[in-house]
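With compact mmCIF, N, CA and C atoms inside, this is entry_4.txt:
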# COMPACT_ATOMS: atom_id res chain seq x y z
N GLN O 1 -25.72 -87.61 -37.26
CA GLN O 1 -24.55 -88.40 -36.89
C GLN O 1 -24.96 -89.43 -35.84
N VAL O 2 -24.49 -90.67 -36.03
CA VAL O 2 -24.81 -91.73 -35.09
C VAL O 2 -23.86 -91.67 -33.91
N GLN O 3 -24.42 -91.71 -32.72
CA GLN O 3 -23.59 -91.78 -31.51
C GLN O 3 -23.87 -93.09 -30.79
N LEU O 4 -22.81 -93.75 -30.38
CA LEU O 4 -22.90 -95.00 -29.64
C LEU O 4 -22.21 -94.81 -28.30
N VAL O 5 -22.93 -95.05 -27.23
CA VAL O 5 -22.38 -94.87 -25.89
C VAL O 5 -22.25 -96.24 -25.23
N GLU O 6 -21.01 -96.60 -24.94
CA GLU O 6 -20.72 -97.90 -24.35
C GLU O 6 -20.49 -97.78 -22.85
N SER O 7 -20.76 -98.87 -22.15
CA SER O 7 -20.47 -98.93 -20.72
C SER O 7 -20.30 -100.38 -20.31
N GLY O 8 -19.70 -100.58 -19.14
CA GLY O 8 -19.63 -101.92 -18.57
C GLY O 8 -18.27 -102.57 -18.57
N GLY O 9 -17.28 -101.95 -19.18
CA GLY O 9 -15.95 -102.54 -19.17
C GLY O 9 -15.33 -102.46 -17.79
N GLY O 10 -14.16 -103.08 -17.64
CA GLY O 10 -13.47 -103.02 -16.36
C GLY O 10 -12.47 -104.12 -16.19
N LEU O 11 -12.05 -104.30 -14.95
CA LEU O 11 -11.06 -105.33 -14.58
C LEU O 11 -11.77 -106.46 -13.87
N VAL O 12 -11.47 -107.68 -14.31
CA VAL O 12 -12.12 -108.86 -13.71
C VAL O 12 -11.10 -109.99 -13.68
N GLN O 13 -11.27 -110.90 -12.75
CA GLN O 13 -10.37 -112.05 -12.67
C GLN O 13 -10.79 -113.13 -13.65
N THR O 14 -9.86 -113.98 -13.99
CA THR O 14 -10.14 -115.12 -14.85
C THR O 14 -11.31 -115.92 -14.31
N GLY O 15 -12.25 -116.23 -15.21
CA GLY O 15 -13.44 -116.97 -14.82
C GLY O 15 -14.61 -116.09 -14.43
N GLY O 16 -14.37 -114.80 -14.32
CA GLY O 16 -15.41 -113.87 -13.94
C GLY O 16 -16.31 -113.46 -15.10
N SER O 17 -17.21 -112.53 -14.81
CA SER O 17 -18.19 -112.09 -15.80
C SER O 17 -18.24 -110.57 -15.87
N LEU O 18 -18.60 -110.08 -17.04
CA LEU O 18 -18.87 -108.66 -17.25
C LEU O 18 -20.02 -108.54 -18.24
N ARG O 19 -20.72 -107.42 -18.17
CA ARG O 19 -21.79 -107.14 -19.13
C ARG O 19 -21.55 -105.78 -19.75
N LEU O 20 -21.41 -105.77 -21.05
CA LEU O 20 -21.24 -104.53 -21.79
C LEU O 20 -22.59 -104.06 -22.32
N SER O 21 -22.76 -102.75 -22.35
CA SER O 21 -23.98 -102.15 -22.90
C SER O 21 -23.60 -101.08 -23.92
N CYS O 22 -24.47 -100.91 -24.90
CA CYS O 22 -24.26 -99.88 -25.92
C CYS O 22 -25.62 -99.32 -26.31
N VAL O 23 -25.74 -98.00 -26.24
CA VAL O 23 -26.99 -97.33 -26.61
C VAL O 23 -26.72 -96.46 -27.83
N ALA O 24 -27.58 -96.60 -28.83
CA ALA O 24 -27.44 -95.84 -30.07
C ALA O 24 -28.42 -94.67 -30.10
N SER O 25 -27.97 -93.57 -30.70
CA SER O 25 -28.79 -92.35 -30.72
C SER O 25 -29.55 -92.19 -32.03
N VAL O 26 -29.99 -93.30 -32.63
CA VAL O 26 -30.70 -93.22 -33.90
C VAL O 26 -31.99 -94.00 -33.82
N SER O 27 -32.87 -93.71 -34.78
CA SER O 27 -34.13 -94.44 -34.85
C SER O 27 -33.87 -95.89 -35.15
N THR O 28 -34.59 -96.76 -34.47
CA THR O 28 -34.41 -98.20 -34.69
C THR O 28 -34.86 -98.61 -36.08
N ASN O 29 -35.63 -97.75 -36.75
CA ASN O 29 -36.12 -98.08 -38.09
C ASN O 29 -35.00 -98.27 -39.09
N TYR O 30 -33.84 -97.68 -38.79
CA TYR O 30 -32.74 -97.70 -39.76
C TYR O 30 -31.56 -98.54 -39.29
N ILE O 31 -31.74 -99.31 -38.24
CA ILE O 31 -30.66 -100.17 -37.75
C ILE O 31 -30.80 -101.56 -38.37
N ASN O 32 -29.80 -101.96 -39.14
CA ASN O 32 -29.80 -103.29 -39.73
C ASN O 32 -29.29 -104.34 -38.74
N ALA O 33 -28.26 -103.95 -38.01
CA ALA O 33 -27.63 -104.88 -37.08
C ALA O 33 -26.77 -104.09 -36.10
N MET O 34 -26.51 -104.69 -34.96
CA MET O 34 -25.56 -104.14 -33.99
C MET O 34 -24.64 -105.26 -33.52
N GLY O 35 -23.47 -104.87 -33.09
CA GLY O 35 -22.53 -105.90 -32.67
C GLY O 35 -21.40 -105.35 -31.84
N TRP O 36 -20.52 -106.26 -31.49
CA TRP O 36 -19.33 -105.94 -30.69
C TRP O 36 -18.09 -106.48 -31.40
N TYR O 37 -17.08 -105.66 -31.45
CA TYR O 37 -15.78 -106.04 -31.95
C TYR O 37 -14.78 -105.79 -30.83
N ARG O 38 -13.60 -106.36 -30.98
CA ARG O 38 -12.55 -106.09 -29.99
C ARG O 38 -11.19 -106.02 -30.68
N GLN O 39 -10.30 -105.30 -30.02
CA GLN O 39 -8.94 -105.15 -30.53
C GLN O 39 -7.97 -105.24 -29.37
N ALA O 40 -7.13 -106.24 -29.42
CA ALA O 40 -6.08 -106.42 -28.42
C ALA O 40 -4.81 -105.74 -28.91
N PRO O 41 -3.91 -105.40 -28.01
CA PRO O 41 -2.66 -104.72 -28.42
C PRO O 41 -1.90 -105.53 -29.47
N GLY O 42 -1.54 -104.87 -30.55
CA GLY O 42 -0.77 -105.51 -31.60
C GLY O 42 -1.57 -106.41 -32.52
N LYS O 43 -2.89 -106.43 -32.34
CA LYS O 43 -3.72 -107.30 -33.17
C LYS O 43 -4.76 -106.48 -33.92
N GLN O 44 -5.33 -107.10 -34.95
CA GLN O 44 -6.38 -106.43 -35.72
C GLN O 44 -7.71 -106.50 -34.97
N ARG O 45 -8.57 -105.55 -35.29
CA ARG O 45 -9.91 -105.58 -34.72
C ARG O 45 -10.65 -106.79 -35.27
N GLU O 46 -11.39 -107.50 -34.40
CA GLU O 46 -12.09 -108.70 -34.81
C GLU O 46 -13.52 -108.69 -34.30
N LEU O 47 -14.39 -109.36 -35.06
CA LEU O 47 -15.77 -109.50 -34.64
C LEU O 47 -15.85 -110.41 -33.43
N VAL O 48 -16.63 -109.99 -32.44
CA VAL O 48 -16.91 -110.82 -31.27
C VAL O 48 -18.30 -111.44 -31.42
N ALA O 49 -19.30 -110.58 -31.64
CA ALA O 49 -20.67 -111.05 -31.77
C ALA O 49 -21.49 -110.00 -32.49
N ARG O 50 -22.53 -110.46 -33.17
CA ARG O 50 -23.38 -109.56 -33.96
C ARG O 50 -24.80 -110.08 -33.91
N ILE O 51 -25.78 -109.15 -33.91
CA ILE O 51 -27.19 -109.54 -33.94
C ILE O 51 -27.90 -108.62 -34.92
N ASP O 52 -28.71 -109.23 -35.82
CA ASP O 52 -29.42 -108.41 -36.81
C ASP O 52 -30.88 -108.23 -36.41
N ASN O 53 -31.64 -107.57 -37.28
CA ASN O 53 -33.02 -107.24 -36.94
C ASN O 53 -33.92 -108.44 -36.80
N SER O 54 -33.53 -109.55 -37.40
CA SER O 54 -34.34 -110.75 -37.27
C SER O 54 -34.01 -111.52 -35.99
N GLY O 55 -32.99 -111.05 -35.29
CA GLY O 55 -32.56 -111.74 -34.09
C GLY O 55 -31.48 -112.78 -34.33
N THR O 56 -31.06 -112.88 -35.58
CA THR O 56 -29.99 -113.83 -35.90
C THR O 56 -28.67 -113.35 -35.32
N THR O 57 -27.99 -114.26 -34.68
CA THR O 57 -26.72 -113.91 -34.05
C THR O 57 -25.58 -114.71 -34.66
N ASN O 58 -24.41 -114.14 -34.61
CA ASN O 58 -23.22 -114.91 -34.93
C ASN O 58 -22.09 -114.49 -34.01
N TYR O 59 -21.23 -115.45 -33.71
CA TYR O 59 -20.18 -115.27 -32.72
C TYR O 59 -18.83 -115.73 -33.27
N ALA O 60 -17.80 -115.12 -32.75
CA ALA O 60 -16.47 -115.64 -33.01
C ALA O 60 -16.35 -117.00 -32.34
N ASP O 61 -15.65 -117.91 -32.98
CA ASP O 61 -15.50 -119.26 -32.41
C ASP O 61 -14.92 -119.21 -31.00
N SER O 62 -14.05 -118.26 -30.76
CA SER O 62 -13.36 -118.20 -29.47
C SER O 62 -14.26 -117.82 -28.30
N VAL O 63 -15.47 -117.29 -28.60
CA VAL O 63 -16.35 -116.86 -27.51
C VAL O 63 -17.64 -117.67 -27.46
N LYS O 64 -17.86 -118.56 -28.41
CA LYS O 64 -19.09 -119.35 -28.41
C LYS O 64 -19.23 -120.14 -27.13
N GLY O 65 -20.44 -120.09 -26.57
CA GLY O 65 -20.70 -120.80 -25.32
C GLY O 65 -20.35 -120.00 -24.08
N ARG O 66 -19.65 -118.88 -24.26
CA ARG O 66 -19.27 -118.05 -23.10
C ARG O 66 -19.92 -116.67 -23.16
N PHE O 67 -20.07 -116.13 -24.35
CA PHE O 67 -20.63 -114.78 -24.54
C PHE O 67 -22.02 -114.88 -25.14
N THR O 68 -22.88 -113.93 -24.76
CA THR O 68 -24.22 -113.85 -25.32
C THR O 68 -24.54 -112.41 -25.69
N ILE O 69 -24.95 -112.20 -26.94
CA ILE O 69 -25.35 -110.87 -27.39
C ILE O 69 -26.87 -110.81 -27.41
N SER O 70 -27.40 -109.64 -27.05
CA SER O 70 -28.86 -109.48 -27.05
C SER O 70 -29.19 -108.01 -27.30
N ARG O 71 -30.43 -107.79 -27.76
CA ARG O 71 -30.91 -106.43 -27.98
C ARG O 71 -31.89 -106.07 -26.88
N GLY O 72 -31.92 -104.80 -26.51
CA GLY O 72 -32.89 -104.34 -25.54
C GLY O 72 -34.28 -104.23 -26.15
N ASN O 73 -35.28 -104.03 -25.32
CA ASN O 73 -36.66 -103.91 -25.82
C ASN O 73 -36.81 -102.73 -26.77
N ALA O 74 -36.06 -101.69 -26.54
CA ALA O 74 -36.13 -100.51 -27.40
C ALA O 74 -35.39 -100.70 -28.71
N LYS O 75 -34.66 -101.79 -28.85
CA LYS O 75 -33.97 -102.17 -30.08
C LYS O 75 -32.83 -101.24 -30.48
N ASN O 76 -32.61 -100.16 -29.73
CA ASN O 76 -31.45 -99.33 -30.04
C ASN O 76 -30.33 -99.57 -29.03
N THR O 77 -30.47 -100.64 -28.26
CA THR O 77 -29.49 -101.00 -27.24
C THR O 77 -29.04 -102.43 -27.49
N VAL O 78 -27.75 -102.65 -27.32
CA VAL O 78 -27.22 -103.99 -27.46
C VAL O 78 -26.36 -104.31 -26.24
N TYR O 79 -26.45 -105.55 -25.80
CA TYR O 79 -25.71 -106.00 -24.64
C TYR O 79 -24.78 -107.16 -25.04
N LEU O 80 -23.71 -107.28 -24.29
CA LEU O 80 -22.83 -108.43 -24.44
C LEU O 80 -22.54 -108.98 -23.05
N GLN O 81 -23.14 -110.12 -22.75
CA GLN O 81 -22.88 -110.79 -21.49
C GLN O 81 -21.67 -111.71 -21.69
N MET O 82 -20.64 -111.48 -20.90
CA MET O 82 -19.39 -112.23 -21.05
C MET O 82 -19.15 -113.03 -19.78
N ASN O 83 -19.15 -114.34 -19.92
CA ASN O 83 -18.92 -115.24 -18.79
C ASN O 83 -17.65 -116.05 -19.02
N SER O 84 -17.17 -116.64 -17.96
CA SER O 84 -15.96 -117.49 -18.02
C SER O 84 -14.83 -116.78 -18.75
N LEU O 85 -14.59 -115.56 -18.36
CA LEU O 85 -13.61 -114.74 -19.06
C LEU O 85 -12.20 -115.31 -18.90
N LYS O 86 -11.43 -115.16 -19.98
CA LYS O 86 -10.06 -115.62 -20.04
C LYS O 86 -9.12 -114.44 -20.28
N SER O 87 -7.85 -114.66 -20.00
CA SER O 87 -6.89 -113.57 -20.20
C SER O 87 -6.85 -113.12 -21.66
N GLU O 88 -7.09 -114.06 -22.57
CA GLU O 88 -7.07 -113.71 -23.99
C GLU O 88 -8.27 -112.89 -24.43
N ASP O 89 -9.24 -112.68 -23.54
CA ASP O 89 -10.37 -111.80 -23.84
C ASP O 89 -10.01 -110.33 -23.56
N THR O 90 -8.86 -110.10 -22.98
CA THR O 90 -8.44 -108.73 -22.70
C THR O 90 -8.28 -107.95 -24.00
N ALA O 91 -8.99 -106.82 -24.09
CA ALA O 91 -8.98 -106.01 -25.30
C ALA O 91 -9.83 -104.77 -25.07
N VAL O 92 -9.78 -103.88 -26.04
CA VAL O 92 -10.74 -102.79 -26.09
C VAL O 92 -11.93 -103.28 -26.92
N TYR O 93 -13.11 -103.17 -26.37
CA TYR O 93 -14.32 -103.65 -27.02
C TYR O 93 -15.08 -102.45 -27.61
N TYR O 94 -15.44 -102.58 -28.88
CA TYR O 94 -16.11 -101.51 -29.61
C TYR O 94 -17.52 -101.94 -30.02
N CYS O 95 -18.46 -101.06 -29.78
CA CYS O 95 -19.82 -101.27 -30.27
C CYS O 95 -19.88 -100.84 -31.74
N ASN O 96 -20.60 -101.61 -32.52
CA ASN O 96 -20.76 -101.31 -33.95
C ASN O 96 -22.24 -101.29 -34.31
N LEU O 97 -22.60 -100.36 -35.19
CA LEU O 97 -23.98 -100.29 -35.67
C LEU O 97 -23.96 -100.22 -37.19
N ASP O 98 -24.75 -101.06 -37.80
CA ASP O 98 -24.90 -101.08 -39.26
C ASP O 98 -26.20 -100.35 -39.59
N HIS O 99 -26.04 -99.13 -40.12
CA HIS O 99 -27.19 -98.26 -40.40
C HIS O 99 -27.59 -98.42 -41.85
N SER O 100 -28.89 -98.31 -42.11
CA SER O 100 -29.42 -98.55 -43.46
C SER O 100 -28.78 -97.66 -44.51
N TRP O 101 -28.54 -96.38 -44.18
CA TRP O 101 -27.99 -95.51 -45.20
C TRP O 101 -26.77 -94.73 -44.73
N ARG O 102 -26.44 -94.82 -43.46
CA ARG O 102 -25.22 -94.17 -42.98
C ARG O 102 -24.02 -95.10 -42.96
N GLY O 103 -24.28 -96.40 -43.10
CA GLY O 103 -23.18 -97.34 -43.06
C GLY O 103 -22.79 -97.69 -41.63
N ASP O 104 -21.53 -98.06 -41.45
CA ASP O 104 -21.04 -98.48 -40.14
C ASP O 104 -20.71 -97.29 -39.24
N SER O 105 -21.07 -97.43 -37.97
CA SER O 105 -20.66 -96.46 -36.95
C SER O 105 -20.03 -97.22 -35.79
N TRP O 106 -19.14 -96.52 -35.08
CA TRP O 106 -18.40 -97.16 -33.99
C TRP O 106 -18.45 -96.33 -32.72
N GLY O 107 -18.48 -97.05 -31.60
CA GLY O 107 -18.34 -96.39 -30.32
C GLY O 107 -16.88 -96.08 -30.05
N GLN O 108 -16.62 -95.43 -28.94
CA GLN O 108 -15.25 -95.03 -28.60
C GLN O 108 -14.45 -96.17 -28.00
N GLY O 109 -15.12 -97.22 -27.58
CA GLY O 109 -14.44 -98.37 -27.02
C GLY O 109 -14.44 -98.38 -25.50
N THR O 110 -14.46 -99.58 -24.96
CA THR O 110 -14.40 -99.76 -23.51
C THR O 110 -13.40 -100.87 -23.21
N GLN O 111 -12.53 -100.63 -22.25
CA GLN O 111 -11.47 -101.57 -21.95
C GLN O 111 -11.98 -102.70 -21.07
N VAL O 112 -11.65 -103.92 -21.48
CA VAL O 112 -11.90 -105.12 -20.67
C VAL O 112 -10.54 -105.76 -20.38
N THR O 113 -10.25 -105.91 -19.10
CA THR O 113 -8.98 -106.52 -18.70
C THR O 113 -9.28 -107.71 -17.80
N VAL O 114 -8.76 -108.87 -18.19
CA VAL O 114 -8.95 -110.10 -17.43
C VAL O 114 -7.61 -110.49 -16.82
N SER O 115 -7.56 -110.52 -15.52
CA SER O 115 -6.30 -110.82 -14.83
C SER O 115 -6.30 -112.26 -14.34
N SER O 116 -5.14 -112.87 -14.44
CA SER O 116 -5.02 -114.27 -14.00
C SER O 116 -4.56 -114.35 -12.55
Rewrite the structure from the file as structure tokens, please.
Amino acid sequence: QVQLVESGGGLVQTGGSLRLSCVASVSTNYINAMGWYRQAPGKQRELVARIDNSGTTNYADSVKGRFTISRGNAKNTVYLQMNSLKSEDTAVYYCNLDHSWRGDSWGQGTQVTVSS
């Protein structure tokens, strides 16, 4: 079973920064991609950023230029650096892992609250 442990959420003022981390408990040999999704109250879960094994990244339009996704040297860790945070970034952020044969796995989520 894949376990994803997230950390780094919290309360920050508008314009501030946070860094989310996610560590996966699986061999990096079977990780196709890792990413971050978020879900705000009353809204559907949406992709924030994703990075695959080749290092290719993609971002939601709403976070381009403000958020940066990266993988750790061990490749089983993914980070999300969030700068210039806005109130609309408030949501529960979920780590996602695309496994070669297990499919998608999700973390438990970490709350990010941006206050104006």
Show me, as a tab-separated table (two decimals) with N, CA and C atoms, in the frame of the given file, the residues that have an atom within 7 Å of range 8-11 of chain O when counting all atoms listed in the file, minus same-chain residues fewer than 5 positions from it.
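Listing of result25.tsv after writing:
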chain	number	residue	atom	x	y	z
O	18	LEU	N	-18.60	-110.08	-17.04
O	18	LEU	CA	-18.87	-108.66	-17.25
O	18	LEU	C	-20.02	-108.54	-18.24
O	19	ARG	N	-20.72	-107.42	-18.17
O	19	ARG	CA	-21.79	-107.14	-19.13
O	19	ARG	C	-21.55	-105.78	-19.75
O	20	LEU	N	-21.41	-105.77	-21.05
O	20	LEU	CA	-21.24	-104.53	-21.79
O	20	LEU	C	-22.59	-104.06	-22.32
O	21	SER	N	-22.76	-102.75	-22.35
O	21	SER	CA	-23.98	-102.15	-22.90
O	21	SER	C	-23.60	-101.08	-23.92
O	110	THR	N	-14.46	-99.58	-24.96
O	110	THR	CA	-14.40	-99.76	-23.51
O	110	THR	C	-13.40	-100.87	-23.21
O	111	GLN	N	-12.53	-100.63	-22.25
O	111	GLN	CA	-11.47	-101.57	-21.95
O	111	GLN	C	-11.98	-102.70	-21.07
O	112	VAL	N	-11.65	-103.92	-21.48
O	112	VAL	CA	-11.90	-105.12	-20.67
O	112	VAL	C	-10.54	-105.76	-20.38
O	113	THR	N	-10.25	-105.91	-19.10
O	113	THR	CA	-8.98	-106.52	-18.70
O	113	THR	C	-9.28	-107.71	-17.80
O	114	VAL	N	-8.76	-108.87	-18.19
O	114	VAL	CA	-8.95	-110.10	-17.43
O	114	VAL	C	-7.61	-110.49	-16.82
O	115	SER	N	-7.56	-110.52	-15.52
O	115	SER	CA	-6.30	-110.82	-14.83
O	115	SER	C	-6.30	-112.26	-14.34
Quick one: residues within 12 Å of Gly42 in chain O, only C-alpha atoms counted, chain neighbours fewer than 4 positions away excluded, as a ChimeraX atom specification? /O:38,91-92
Using all atoms listed in the file: which of O:Val48, O:Trp106, O:Gly16, O:Lys75 has the shortest distance to Ser62 in chain O: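 Residue with the minimum atom-to-atom distance to Ser62 in chain O: O:Val48.
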Hey, which of O:Ser27, O:Lys43, O:Ser116, O:Val5 ends up closest to Ser87 in chain O? Count only N, CA and C atoms.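 Closest residue, counting only N, CA and C atoms: O:Ser116.
With distances taken from (-25.9, -103.4, -25.7) and restricted to only N, CA and C atoms, the residues inside 6.5 Å are Leu20, Ser21, Cys22, Val23, Ser70, Arg71, Gly72, Thr77, Val78, Tyr79 and Leu80 of chain O.
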Nearby residues (only N, CA and C atoms) at most 8 Å from range 101-103 of chain O, same-chain spacing under 2 positions excluded, as a list in words: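 Non-adjacent residues within range: Val2, Tyr30, Ile31, Asn32, Leu97, Asp98, His99, Ser105 and Trp106 of chain O.
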Just want the 9 Å neighbourhood of Val63 in chain O, counted on only C-alpha atoms, with same-chain residues fewer than 4 positions away dropped. Output as number ranges by chain. O: 48-49, 59, 67-68, 82, 89
May I have the selected residues written with N, CA and C atoms, as a JSON list (two decimals), in the coordinates of the input?
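This went into again17.json:
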[["chain", "number", "residue", "atom", "x", "y", "z"],
["O", 48, "VAL", "N", -16.63, -109.99, -32.44],
["O", 48, "VAL", "CA", -16.91, -110.82, -31.27],
["O", 48, "VAL", "C", -18.30, -111.44, -31.42],
["O", 49, "ALA", "N", -19.30, -110.58, -31.64],
["O", 49, "ALA", "CA", -20.67, -111.05, -31.77],
["O", 49, "ALA", "C", -21.49, -110.00, -32.49],
["O", 59, "TYR", "N", -21.23, -115.45, -33.71],
["O", 59, "TYR", "CA", -20.18, -115.27, -32.72],
["O", 59, "TYR", "C", -18.83, -115.73, -33.27],
["O", 67, "PHE", "N", -20.07, -116.13, -24.35],
["O", 67, "PHE", "CA", -20.63, -114.78, -24.54],
["O", 67, "PHE", "C", -22.02, -114.88, -25.14],
["O", 68, "THR", "N", -22.88, -113.93, -24.76],
["O", 68, "THR", "CA", -24.22, -113.85, -25.32],
["O", 68, "THR", "C", -24.54, -112.41, -25.69],
["O", 82, "MET", "N", -20.64, -111.48, -20.90],
["O", 82, "MET", "CA", -19.39, -112.23, -21.05],
["O", 82, "MET", "C", -19.15, -113.03, -19.78],
["O", 89, "ASP", "N", -9.24, -112.68, -23.54],
["O", 89, "ASP", "CA", -10.37, -111.80, -23.84],
["O", 89, "ASP", "C", -10.01, -110.33, -23.56]]
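Atom pair atom N of Thr14 in chain O / CA of Glu88 in chain O has a distance of 10.4 Å (rounded to one decimal).
For the pair atom N of Arg66 in chain O and CA of Tyr94 in chain O, the separation is 18.5 Å.
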I need the strand (DSSP E) residues of chain O per DSSP on the backbone, written as a ChimeraX atom specification. /O:4-7,10-13,18-24,31-39,46-52,57-59,67-71,77-82,91-99,103-106,110-115
